[in-house]
>>> print(open('structure03.csv').read())   # CSV, C-alpha atoms and all ligand atoms
chain,number,residue,atom,x,y,z
D,1,MET,CA,85.4,214.9,86.5
D,2,ASN,CA,82.0,214.8,84.9
D,3,VAL,CA,81.4,211.1,84.2
D,4,ALA,CA,78.8,209.4,82.0
D,5,VAL,CA,78.0,206.1,83.6
D,6,PHE,CA,76.7,203.5,81.1
D,7,SER,CA,74.8,200.2,81.6
D,8,THR,CA,73.6,201.6,85.0
D,9,LYS,CA,71.6,199.3,87.2
D,10,PRO,CA,70.1,200.5,90.5
D,11,TYR,CA,72.9,198.8,92.5
D,12,ASP,CA,75.6,200.6,90.4
D,13,GLU,CA,74.1,204.0,91.1
D,14,GLN,CA,73.7,203.1,94.8
D,15,PHE,CA,77.3,202.0,95.3
D,16,LEU,CA,78.9,204.7,93.1
D,17,VAL,CA,76.9,207.6,94.7
D,18,GLN,CA,77.9,206.3,98.1
D,19,ALA,CA,81.6,206.0,97.1
D,20,ASN,CA,81.5,209.5,95.6
D,21,GLN,CA,80.2,210.9,98.9
D,22,ASP,CA,83.0,209.2,100.8
D,23,GLY,CA,85.9,211.4,99.6
D,24,HIS,CA,85.3,212.2,95.9
D,25,SER,CA,83.5,215.0,94.1
D,26,HIS,CA,82.9,213.7,90.6
D,27,GLU,CA,79.8,214.7,88.8
D,28,LEU,CA,78.1,211.4,87.9
D,29,VAL,CA,75.3,211.1,85.4
D,30,PHE,CA,73.7,207.7,85.1
D,31,PHE,CA,72.5,206.2,81.8
D,32,GLU,CA,70.7,202.9,81.6
D,33,PRO,CA,71.7,202.0,78.0
D,34,ARG,CA,74.9,200.2,77.1
D,35,LEU,CA,77.7,202.3,75.5
D,36,ASN,CA,77.8,201.4,71.8
D,37,ALA,CA,77.7,203.2,68.4
D,38,ALA,CA,74.0,204.1,68.9
D,39,THR,CA,74.4,205.6,72.4
D,40,VAL,CA,77.8,207.2,72.3
D,41,THR,CA,76.3,210.6,71.6
D,42,LEU,CA,75.0,210.6,75.2
D,43,ALA,CA,78.7,210.9,76.3
D,44,LYS,CA,79.3,214.1,74.3
D,45,GLY,CA,81.0,216.7,76.5
D,46,PHE,CA,81.7,214.3,79.4
D,47,ASP,CA,85.3,214.0,80.6
D,48,ALA,CA,85.0,210.3,81.2
D,49,VAL,CA,82.7,207.4,80.6
D,50,CYS,CA,82.3,204.6,83.1
D,51,VAL,CA,81.5,201.2,81.5
D,52,PHE,CA,81.0,197.5,82.3
D,53,VAL,CA,81.7,194.2,80.7
D,54,ASN,CA,79.3,194.3,77.8
D,55,ASP,CA,79.7,197.9,76.7
D,56,GLN,CA,81.2,198.1,73.3
D,57,VAL,CA,84.2,200.4,73.5
D,58,ASP,CA,85.4,199.6,69.9
D,59,ALA,CA,87.3,201.9,67.5
D,60,ALA,CA,84.2,203.6,66.1
D,61,VAL,CA,82.9,204.4,69.6
D,62,LEU,CA,86.3,205.6,70.8
D,63,GLU,CA,86.6,207.9,67.7
D,64,GLN,CA,83.3,209.5,68.7
D,65,LEU,CA,84.2,209.7,72.4
D,66,ALA,CA,87.4,211.6,71.4
D,67,GLU,CA,85.5,213.9,69.1
D,68,GLY,CA,83.1,214.7,72.0
D,69,GLY,CA,85.9,215.6,74.3
D,70,THR,CA,86.0,212.4,76.4
D,71,ARG,CA,89.5,211.7,77.7
D,72,ALA,CA,89.0,208.6,79.9
D,73,VAL,CA,87.3,205.2,80.0
D,74,ALA,CA,86.8,203.8,83.5
D,75,LEU,CA,86.0,200.1,83.5
D,76,ARG,CA,84.1,199.0,86.6
D,77,CYS,CA,85.4,195.5,86.1
D,78,ALA,CA,88.7,193.6,85.8
D,79,GLY,CA,88.5,192.4,82.2
D,80,PHE,CA,89.1,194.8,79.3
D,81,ASN,CA,88.6,192.6,76.3
D,82,ASN,CA,85.7,194.9,75.2
D,83,VAL,CA,88.0,197.9,74.7
D,84,ASP,CA,90.1,198.6,71.6
D,85,LEU,CA,93.2,199.6,73.6
D,86,LYS,CA,95.3,200.5,70.5
D,87,THR,CA,92.7,203.0,69.2
D,88,ALA,CA,92.3,204.4,72.7
D,89,GLN,CA,96.1,204.9,73.0
D,90,ARG,CA,96.2,206.5,69.5
D,91,LEU,CA,93.4,208.9,70.5
D,92,GLY,CA,95.0,209.8,73.8
D,93,ILE,CA,92.1,208.3,75.8
D,94,ASP,CA,93.2,206.7,79.1
D,95,VAL,CA,91.6,203.4,80.0
D,96,VAL,CA,91.5,202.4,83.7
D,97,ARG,CA,90.1,199.3,85.3
D,98,VAL,CA,89.5,197.7,88.7
D,99,PRO,CA,92.1,194.9,88.6
D,100,ALA,CA,91.1,193.4,91.9
D,101,TYR,CA,88.0,193.9,94.0
D,102,SER,CA,87.0,190.6,95.5
D,103,PRO,CA,88.6,187.6,94.0
D,104,TYR,CA,86.8,185.7,96.8
D,105,ALA,CA,83.4,186.6,95.3
D,106,VAL,CA,84.3,185.0,91.9
D,107,ALA,CA,86.2,182.0,93.5
D,108,GLU,CA,83.3,181.3,95.9
D,109,HIS,CA,80.7,181.4,93.0
D,110,THR,CA,82.9,179.1,91.0
D,111,VAL,CA,82.8,176.6,93.8
D,112,ALA,CA,79.1,177.1,94.3
D,113,LEU,CA,78.6,176.0,90.6
D,114,MET,CA,80.8,172.9,91.3
D,115,LEU,CA,78.9,171.9,94.3
D,116,THR,CA,75.5,172.6,92.7
D,117,LEU,CA,76.3,170.4,89.7
D,118,ASN,CA,77.9,167.6,91.7
D,119,ARG,CA,75.1,167.4,94.3
D,120,GLN,CA,72.4,168.2,91.8
D,121,ILE,CA,71.1,171.0,94.1
D,122,HIS,CA,69.3,172.7,91.1
D,123,ARG,CA,67.3,169.5,90.5
D,124,ALA,CA,66.7,168.7,94.2
D,125,TYR,CA,65.3,172.2,94.7
D,126,HIS,CA,62.5,171.6,92.1
D,127,ARG,CA,61.9,168.0,93.2
D,128,ILE,CA,61.3,168.9,96.8
D,129,ARG,CA,58.9,171.7,95.9
D,130,ASP,CA,57.0,169.2,93.7
D,131,GLY,CA,56.7,166.7,96.5
D,132,ASN,CA,59.2,164.3,94.8
D,133,PHE,CA,61.6,163.0,97.5
D,134,ALA,CA,63.2,160.3,95.3
D,135,LEU,CA,67.0,160.3,95.1
D,136,ASP,CA,67.4,158.6,91.7
D,137,GLY,CA,69.5,160.8,89.5
D,138,LEU,CA,70.9,162.9,92.3
D,139,LEU,CA,74.0,160.8,93.0
D,140,GLY,CA,77.1,162.9,93.6
D,141,PHE,CA,80.7,162.2,94.3
D,142,ASP,CA,83.1,163.1,97.1
D,143,LEU,CA,85.3,166.1,96.2
D,144,ARG,CA,88.1,164.8,98.5
D,145,GLY,CA,90.7,163.1,96.5
D,146,ARG,CA,89.5,164.3,93.1
D,147,THR,CA,91.7,166.2,90.7
D,148,VAL,CA,90.8,169.8,89.9
D,149,GLY,CA,92.5,171.6,87.0
D,150,ILE,CA,92.8,175.4,87.2
D,151,VAL,CA,93.6,177.3,84.0
D,152,GLY,CA,94.9,180.7,85.0
D,153,THR,CA,96.2,181.1,88.5
D,154,GLY,CA,96.0,184.9,89.0
D,155,GLN,CA,94.0,186.4,91.8
D,156,ILE,CA,90.8,184.4,91.3
D,157,GLY,CA,92.4,181.2,90.2
D,158,VAL,CA,94.6,181.0,93.3
D,159,GLU,CA,91.6,181.5,95.6
D,160,VAL,CA,89.9,178.6,93.8
D,161,VAL,CA,93.1,176.6,94.4
D,162,ARG,CA,92.9,177.5,98.1
D,163,ILE,CA,89.3,176.4,98.5
D,164,MET,CA,89.8,173.2,96.5
D,165,ARG,CA,92.8,172.3,98.6
D,166,GLY,CA,90.6,172.8,101.6
D,167,PHE,CA,88.3,170.2,100.2
D,168,GLY,CA,91.2,167.7,100.0
D,169,CYS,CA,91.5,167.8,96.2
D,170,ARG,CA,94.6,167.4,94.2
D,171,VAL,CA,95.1,170.6,92.2
D,172,LEU,CA,96.8,170.9,88.8
D,173,CYS,CA,97.4,174.3,87.4
D,174,HIS,CA,98.3,175.8,84.0
D,175,ASP,CA,99.4,179.4,83.5
D,176,LEU,CA,101.9,181.3,81.5
D,177,HIS,CA,103.7,182.0,84.8
D,178,ALA,CA,103.6,179.8,87.9
D,179,ASN,CA,102.2,181.5,91.0
D,180,PRO,CA,104.3,180.7,94.0
D,181,GLU,CA,101.2,181.0,96.3
D,182,ALA,CA,99.5,178.3,94.4
D,183,GLN,CA,102.6,176.1,94.7
D,184,GLN,CA,102.8,176.8,98.4
D,185,LEU,CA,99.2,175.6,98.7
D,186,GLY,CA,100.3,172.3,97.2
D,187,ALA,CA,99.2,172.8,93.6
D,188,GLU,CA,101.3,171.4,90.7
D,189,TYR,CA,101.9,173.2,87.4
D,190,VAL,CA,101.5,171.0,84.4
D,191,THR,CA,101.0,171.4,80.6
D,192,LEU,CA,97.5,172.1,79.4
D,193,ASP,CA,97.3,168.6,77.9
D,194,THR,CA,98.2,166.9,81.2
D,195,LEU,CA,95.7,169.1,83.0
D,196,PHE,CA,92.9,168.1,80.5
D,197,SER,CA,93.8,164.4,80.6
D,198,GLN,CA,93.9,164.2,84.5
D,199,ALA,CA,91.4,166.6,85.8
D,200,ASP,CA,87.9,165.5,87.0
D,201,ILE,CA,87.0,169.2,87.1
D,202,VAL,CA,88.4,171.9,84.8
D,203,SER,CA,87.9,175.5,85.9
D,204,LEU,CA,88.8,178.5,83.7
D,205,HIS,CA,90.3,181.6,85.3
D,206,CYS,CA,92.5,183.1,82.5
D,207,PRO,CA,91.5,186.3,80.7
D,208,LEU,CA,90.0,186.4,77.2
D,209,THR,CA,92.8,187.2,74.8
D,210,PRO,CA,93.5,186.2,71.2
D,211,ASP,CA,95.4,183.2,72.7
D,212,THR,CA,92.6,182.0,75.0
D,213,HIS,CA,89.8,182.6,72.5
D,214,HIS,CA,88.1,179.1,72.1
D,215,LEU,CA,90.8,177.6,74.3
D,216,ILE,CA,88.2,175.0,75.0
D,217,ASP,CA,87.3,173.7,71.6
D,218,ALA,CA,86.4,170.2,70.3
D,219,ALA,CA,90.1,169.1,70.4
D,220,ALA,CA,90.4,170.2,74.0
D,221,VAL,CA,87.2,168.5,75.0
D,222,ALA,CA,88.4,165.3,73.4
D,223,LYS,CA,91.5,165.4,75.6
D,224,MET,CA,89.5,165.6,78.8
D,225,LYS,CA,88.3,162.7,81.0
D,226,THR,CA,85.0,161.2,80.1
D,227,GLY,CA,82.3,162.9,82.2
D,228,VAL,CA,84.5,165.8,83.1
D,229,MET,CA,83.0,168.8,84.9
D,230,LEU,CA,83.8,172.1,83.1
D,231,ILE,CA,83.3,175.5,84.8
D,232,ASN,CA,83.7,178.8,83.2
D,233,THR,CA,83.4,182.0,85.3
D,234,SER,CA,85.9,183.9,83.3
D,235,ARG,CA,84.8,185.1,79.8
D,236,GLY,CA,82.3,183.3,77.5
D,237,ALA,CA,84.5,183.2,74.4
D,238,ILE,CA,87.2,181.2,76.1
D,239,VAL,CA,84.8,178.3,75.3
D,240,ASP,CA,83.6,177.2,71.9
D,241,THR,CA,79.9,176.8,72.8
D,242,ALA,CA,79.1,174.6,69.8
D,243,ALA,CA,82.0,172.2,70.8
D,244,ILE,CA,80.8,171.9,74.4
D,245,ILE,CA,77.2,171.2,73.3
D,246,GLU,CA,78.6,168.3,71.3
D,247,GLY,CA,80.6,167.2,74.3
D,248,LEU,CA,77.5,167.3,76.5
D,249,LYS,CA,75.5,165.3,73.9
D,250,SER,CA,78.2,162.6,73.7
D,251,GLY,CA,78.6,162.5,77.5
D,252,GLN,CA,82.3,163.5,77.2
D,253,ILE,CA,81.3,166.5,79.4
D,254,GLY,CA,79.4,165.3,82.4
D,255,TYR,CA,78.7,168.6,84.0
D,256,LEU,CA,78.8,172.2,82.8
D,257,GLY,CA,78.7,175.3,84.9
D,258,LEU,CA,78.8,178.7,83.2
D,259,ASP,CA,78.6,182.2,84.6
D,260,VAL,CA,79.6,183.7,81.2
D,261,TYR,CA,78.5,183.0,77.7
D,262,GLU,CA,80.0,183.9,74.3
D,263,GLU,CA,76.9,185.8,73.2
D,264,GLU,CA,75.9,187.1,76.7
D,265,GLY,CA,75.8,190.7,75.5
D,266,ASP,CA,72.4,190.1,74.0
D,267,LEU,CA,71.0,188.4,77.1
D,268,PHE,CA,72.6,189.0,80.5
D,269,PHE,CA,71.8,191.7,83.0
D,270,GLU,CA,68.3,192.2,81.5
D,271,ASP,CA,64.9,190.8,82.4
D,272,LEU,CA,63.9,189.1,79.2
D,273,SER,CA,61.3,186.8,80.8
D,274,ASN,CA,58.5,188.2,78.6
D,275,ILE,CA,60.4,187.8,75.4
D,276,VAL,CA,60.9,184.8,73.2
D,277,LEU,CA,64.5,183.6,73.5
D,278,LYS,CA,66.1,184.0,70.0
D,279,ASP,CA,69.5,182.4,70.7
D,280,ASP,CA,69.1,178.7,69.7
D,281,VAL,CA,72.5,177.8,71.1
D,282,PHE,CA,71.7,179.2,74.5
D,283,ALA,CA,68.3,177.6,74.3
D,284,ARG,CA,70.0,174.2,73.6
D,285,LEU,CA,72.2,174.6,76.7
D,286,LEU,CA,69.2,175.2,78.8
D,287,THR,CA,67.8,171.7,77.9
D,288,PHE,CA,70.5,169.7,79.6
D,289,PRO,CA,69.9,168.6,83.2
D,290,ASN,CA,73.6,168.7,83.9
D,291,VAL,CA,74.1,172.3,82.9
D,292,VAL,CA,73.8,175.2,85.4
D,293,ILE,CA,74.1,178.8,84.1
D,294,THR,CA,74.2,182.0,86.0
D,295,GLY,CA,74.1,185.4,84.3
D,296,HIS,CA,77.5,186.8,85.0
D,297,GLN,CA,76.8,187.2,88.7
D,298,ALA,CA,80.0,185.7,90.1
D,299,PHE,CA,81.3,189.2,91.1
D,300,PHE,CA,78.0,190.2,92.6
D,301,THR,CA,78.6,190.5,96.3
D,302,ARG,CA,78.2,193.6,98.5
D,303,ASN,CA,81.9,193.6,99.3
D,304,ALA,CA,82.8,193.5,95.6
D,305,LEU,CA,80.4,196.3,94.6
D,306,GLU,CA,81.8,198.6,97.4
D,307,SER,CA,85.3,197.9,96.3
D,308,ILE,CA,84.5,198.3,92.6
D,309,ALA,CA,82.8,201.7,93.2
D,310,ARG,CA,85.7,203.0,95.4
D,311,THR,CA,88.4,201.9,93.0
D,312,THR,CA,86.6,203.3,89.9
D,313,LEU,CA,86.3,206.7,91.5
D,314,ASP,CA,89.9,206.6,93.0
D,315,ASN,CA,91.1,205.8,89.4
D,316,LEU,CA,89.3,208.9,88.0
D,317,THR,CA,90.6,211.1,90.8
D,318,GLU,CA,94.1,209.9,90.3
D,319,LEU,CA,93.9,210.5,86.5
D,320,GLU,CA,92.6,214.0,87.2
D,321,SER,CA,95.3,214.9,89.7
D,322,ARG,CA,98.4,213.0,88.4
D,323,GLY,CA,97.5,212.6,84.7
D,324,THR,CA,98.0,208.9,85.0
D,325,CYS,CA,96.8,206.0,87.2
D,326,VAL,CA,98.3,202.8,88.6
D,327,ASN,CA,95.3,200.9,87.2
D,328,ARG,CA,95.7,202.2,83.7
D,329,VAL,CA,95.7,199.5,81.0
D,330,SER,CA,97.6,200.1,77.8
D,331,ALA,CA,97.9,198.3,74.5
D,332,SER,CA,101.5,197.4,75.2
D,333,GLY,CA,100.5,195.5,78.4
Y,1,LIG,P1,94.5,187.9,86.9
Y,1,LIG,O1,95.1,188.8,85.8
Y,1,LIG,O2,94.9,188.1,88.3
Y,1,LIG,O3,94.9,186.4,86.5
Y,1,LIG,C1,94.7,185.9,85.2
Y,1,LIG,C2,95.8,184.7,85.0
Y,1,LIG,O4,95.6,184.1,83.8
Y,1,LIG,C3,97.2,185.3,85.1
Y,1,LIG,O5,98.0,184.5,86.0
Y,1,LIG,C4,97.7,185.1,83.7
Y,1,LIG,O6,99.1,184.8,83.6
Y,1,LIG,C5,96.9,183.9,83.3
Y,1,LIG,N1,96.8,183.7,81.8
Y,1,LIG,C6,96.9,184.6,80.8
Y,1,LIG,N2,96.8,184.0,79.6
Y,1,LIG,C7,96.8,182.7,79.9
Y,1,LIG,C8,96.8,181.5,79.0
Y,1,LIG,N3,96.9,181.7,77.7
Y,1,LIG,N4,96.8,180.3,79.6
Y,1,LIG,C9,96.8,180.2,80.9
Y,1,LIG,N5,96.8,181.2,81.8
Y,1,LIG,C10,96.8,182.5,81.2
Y,1,LIG,O7,92.9,187.9,86.7
Y,1,LIG,P2,91.8,187.6,87.7
Y,1,LIG,O8,91.5,188.7,88.6
Y,1,LIG,O9,92.2,186.3,88.4
Y,1,LIG,O10,90.6,187.3,86.7
Y,1,LIG,C11,90.6,186.3,85.8
Y,1,LIG,C12,89.4,186.5,84.8
Y,1,LIG,O11,88.2,186.3,85.5
Y,1,LIG,C13,89.3,188.0,84.3
Y,1,LIG,O12,90.2,188.1,83.1
Y,1,LIG,C14,87.9,188.1,83.9
Y,1,LIG,O13,87.7,187.7,82.6
Y,1,LIG,C15,87.2,187.0,84.8
Y,1,LIG,N6,86.3,187.6,85.8
Y,1,LIG,C16,85.0,187.2,85.8
Y,1,LIG,C17,84.1,187.8,86.7
Y,1,LIG,C18,82.7,187.3,86.8
Y,1,LIG,O14,81.9,188.0,87.5
Y,1,LIG,N7,82.3,186.2,86.2
Y,1,LIG,C19,84.5,188.8,87.6
Y,1,LIG,C20,85.9,189.2,87.6
Y,1,LIG,C21,86.8,188.6,86.6
>>> encode(input="structure03.csv", output="C-alpha cells", more="lines below")
Ligand code: NAI
Amino acid sequence: MNVAVFSTKPYDEQFLVQANQDGHSHELVFFEPRLNAATVTLAKGFDAVCVFVNDQVDAAVLEQLAEGGTRAVALRCAGFNNVDLKTAQRLGIDVVRVPAYSPYAVAEHTVALMLTLNRQIHRAYHRIRDGNFALDGLLGFDLRGRTVGIVGTGQIGVEVVRIMRGFGCRVLCHDLHANPEAQQLGAEYVTLDTLFSQADIVSLHCPLTPDTHHLIDAAAVAKMKTGVMLINTSRGAIVDTAAIIEGLKSGQIGYLGLDVYEEEGDLFFEDLSNIVLKDDVFARLLTFPNVVITGHQAFFTRNALESIARTTLDNLTELESRGTCVNRVSASG
C-alpha cells in the first residue's frame, strides 16, 4: 500500500523504515504535520494514512479521506478515541491499531512517576545541582504495606499490579471485568468508591470512553484519602483537570503524576520552549511542587517503537491481502 504517515518524528521514520525493510514493501511517505481538516489534502490518493494519538480523525477528515481514495487508517498506538469509528464504518474505511506493544513500557513509566513523586527525585535533582544538600521537604514513605488502587486491569494495569505486588503493596482493582491474572497476583476487585476510599495511590489504566470521561472529577477526588497520590498515564480527559487543581490546592491530592493531559494536543510532542505558554490550566499545574508531568512518553522505549512499527505494517499487509485484520477496530466493539 502507499501510506501517508502523519505526525512523523525522526524516530517514527527510523523504526517504520526499518520494519518495512524487514518483510514488507509498503510505500511510506512521511509528513510532519498532524492529520486534521487543514492537512488532510496531503493524503489525497494514498491507500492508507498512518496516525498517532493526537491526529484528528473526525467525521470531516474521514469524509475527505474517503473522497481522496483512502481506505484505511492505521493507528500506531493502542487508544482510538481520536477516530470517529461510526463514520469510518459508514464510509468503508478500515481502522486498525496496535493493541499491544509493550505494556511494560507504560507500566514501568507509571511506577517511575510514583517513585519520583514519593521520593521527591525531581526536587532532589535540582537541589543537588544547586549545592543544596538539605533533606527538609524530601520526606517519602515506604511503598511496602501501602494500598494501591488500579482502575482498568487490562494489559498495562495488570503489569502495574505485578510491579506493585513486588513492592509488597496491597492492590485493589476496579474494572468492568475482573482479570484472573490480577487476582492470581493477589489483587482484590472492589467498587470504585471502595478503591477511592482506601487507596494511598490511585493509578488510571482504563481507556478514554464516554463512560470514563472525567471519571476523576471533584466528587471522586472528595472520596479519596487525604493526601492521595493520583497517577494518570492513560488518557488526559479521564481526569477533570480543574477538579484536580482544586484537590491539589486543598491538599486532598498530595501528589499528582501525569503523562497525559486533556489539552495535550496543543502542547505535547513539540519543542515549545521559545514560545509563551498560553494554556493557563497547564501553567497552574506546573507551579505545584508535588506535580510531575511527562509529555506522553510512557510508551517511549526502543522495544515499544520496534513493536509498534512491526505491527502497524503487519496490519496494513494483512488488510491488503485478506481484506480484514485481526487488529481492526469497529464502532460495534
Ligand atoms: P486494555 O484494553 O488492555 O485494558 C483496558 C482495561 O480498562 C480493560 O480491562 C477494560 O475492561 C477496562 N475498562 C474499560 N472501561 C472501564 C471503566 N469504565 N472502568 C474501569 N475499567 C474499564 O488497554 P491497555 O493496553 O492496558 O491500555 C490502557 C490505556 O492506556 C489505553 O486505552 C490508552 O489510553 C493508555 N495508553 C497510554 C500510553 C502512554 O504512552 N501514556 C501508551 C499506551 C496506552
>>> residues_near_ligand(input="structure03.csv", ligand="ligand LIG 1 (chain Y)", cutoff="9 Å", atoms="all atoms listed in the file", output="ChimeraX atom specification")
/D:77-81,99-103,105-107,109-110,150-159,173-179,192,204-213,215,232-236,258-260,295-300
>>> residues_around(input="structure03.csv", residues="D:His26", least_positions_apart="5", cutoff="9 Å", atoms="all atoms listed in the file", output="list in words")
Met1, Asn2, Val3, Asn20, Leu313, Leu316 and Thr317 of chain D
>>> residues_around(input="structure03.csv", residues="D:Leu42", least_positions_apart="5", cutoff="9 Å", atoms="all atoms listed in the file", output="list of chain:residue names")
D:Ala4, D:Phe31, D:Leu35
>>> atom_distance(input="structure03.csv", atom1="atom CA of D:Ser25", atom2="atom CA of D:Asn54")
26.7 Å
>>> closest_residue(input="structure03.csv", among="D:Thr87, D:Leu248, D:Tyr261, D:Leu75", to="D:Asn315", atoms="only C-alpha atoms")
D:Leu75
>>> closest_residue(input="structure03.csv", among="D:Arg34, D:His24, D:Lys225, D:Arg144", to="D:Phe268", atoms="only C-alpha atoms")
D:Arg34
>>> closest_residue(input="structure03.csv", among="D:Pro180, D:Ile121, D:Asn82, D:Val29", to="D:Leu16", atoms="all atoms listed in the file")
D:Val29
>>> closest_residue(input="structure03.csv", among="D:Leu185, D:Thr312, D:Leu85, D:Asp200", to="D:Val51", atoms="all atoms listed in the file")
D:Thr312
>>> atom_distance(input="structure03.csv", atom1="atom CA of D:Ala187", atom2="atom CA of D:Leu172")
5.7 Å
>>> decode(input="structure03.csv", residues="stretch 18-26 of chain D", atoms="all heavy atoms", output="mmCIF file, in the first residue's frame")
data_model
loop_
_atom_site.group_PDB
_atom_site.id
_atom_site.type_symbol
_atom_site.label_atom_id
_atom_site.label_comp_id
_atom_site.auth_asym_id
_atom_site.auth_seq_id
_atom_site.Cartn_x
_atom_site.Cartn_y
_atom_site.Cartn_z
ATOM 1 N N GLN D 18 12.752 0.790 9.003
ATOM 2 C CA GLN D 18 13.420 -0.468 9.371
ATOM 3 C C GLN D 18 12.443 -1.646 9.274
ATOM 4 O O GLN D 18 12.746 -2.679 8.669
ATOM 5 C CB GLN D 18 13.966 -0.343 10.795
ATOM 6 C CG GLN D 18 14.777 -1.542 11.276
ATOM 7 C CD GLN D 18 16.030 -1.755 10.431
ATOM 8 O OE1 GLN D 18 16.815 -0.831 10.262
ATOM 9 N NE2 GLN D 18 16.183 -2.948 9.879
ATOM 10 N N ALA D 19 11.239 -1.457 9.841
ATOM 11 C CA ALA D 19 10.251 -2.547 9.828
ATOM 12 C C ALA D 19 9.813 -2.854 8.395
ATOM 13 O O ALA D 19 9.568 -4.017 8.044
ATOM 14 C CB ALA D 19 9.037 -2.169 10.676
ATOM 15 N N ASN D 20 9.716 -1.829 7.560
ATOM 16 C CA ASN D 20 9.299 -2.034 6.171
ATOM 17 C C ASN D 20 10.343 -2.861 5.413
ATOM 18 O O ASN D 20 9.997 -3.710 4.581
ATOM 19 C CB ASN D 20 9.086 -0.672 5.494
ATOM 20 C CG ASN D 20 8.142 -0.763 4.318
ATOM 21 O OD1 ASN D 20 7.263 -1.625 4.266
ATOM 22 N ND2 ASN D 20 8.322 0.119 3.346
ATOM 23 N N GLN D 21 11.627 -2.626 5.739
ATOM 24 C CA GLN D 21 12.707 -3.389 5.088
ATOM 25 C C GLN D 21 12.705 -4.848 5.553
ATOM 26 O O GLN D 21 13.149 -5.735 4.840
ATOM 27 C CB GLN D 21 14.075 -2.763 5.410
ATOM 28 C CG GLN D 21 14.333 -1.502 4.585
ATOM 29 C CD GLN D 21 15.493 -0.679 5.125
ATOM 30 O OE1 GLN D 21 16.116 -1.025 6.125
ATOM 31 N NE2 GLN D 21 15.788 0.440 4.478
ATOM 32 N N ASP D 22 12.191 -5.071 6.771
ATOM 33 C CA ASP D 22 12.188 -6.424 7.342
ATOM 34 C C ASP D 22 10.903 -7.166 6.970
ATOM 35 O O ASP D 22 10.132 -7.566 7.841
ATOM 36 C CB ASP D 22 12.314 -6.368 8.873
ATOM 37 C CG ASP D 22 13.653 -5.836 9.321
ATOM 38 O OD1 ASP D 22 14.571 -5.781 8.495
ATOM 39 O OD2 ASP D 22 13.768 -5.444 10.505
ATOM 40 N N GLY D 23 10.592 -7.272 5.687
ATOM 41 C CA GLY D 23 9.486 -8.151 5.298
ATOM 42 C C GLY D 23 8.252 -7.470 4.734
ATOM 43 O O GLY D 23 7.241 -8.138 4.543
ATOM 44 N N HIS D 24 8.279 -6.181 4.502
ATOM 45 C CA HIS D 24 7.124 -5.516 3.885
ATOM 46 C C HIS D 24 7.592 -4.716 2.673
ATOM 47 O O HIS D 24 8.789 -4.459 2.512
ATOM 48 C CB HIS D 24 6.454 -4.563 4.882
ATOM 49 C CG HIS D 24 5.870 -5.262 6.068
ATOM 50 N ND1 HIS D 24 4.661 -5.893 6.042
ATOM 51 C CD2 HIS D 24 6.365 -5.449 7.323
ATOM 52 C CE1 HIS D 24 4.420 -6.428 7.217
ATOM 53 N NE2 HIS D 24 5.436 -6.190 8.021
ATOM 54 N N SER D 25 6.618 -4.302 1.853
ATOM 55 C CA SER D 25 7.019 -3.470 0.717
ATOM 56 C C SER D 25 6.007 -2.336 0.515
ATOM 57 O O SER D 25 5.546 -2.091 -0.583
ATOM 58 C CB SER D 25 7.142 -4.324 -0.554
ATOM 59 O OG SER D 25 5.958 -5.074 -0.713
ATOM 60 N N HIS D 26 5.644 -1.704 1.603
ATOM 61 C CA HIS D 26 4.738 -0.557 1.505
ATOM 62 C C HIS D 26 5.529 0.664 1.048
ATOM 63 O O HIS D 26 6.730 0.760 1.298
ATOM 64 C CB HIS D 26 4.088 -0.281 2.862
ATOM 65 C CG HIS D 26 3.234 -1.409 3.342
ATOM 66 N ND1 HIS D 26 2.075 -1.781 2.709
ATOM 67 C CD2 HIS D 26 3.396 -2.285 4.379
ATOM 68 C CE1 HIS D 26 1.541 -2.814 3.340
ATOM 69 N NE2 HIS D 26 2.332 -3.149 4.352
#
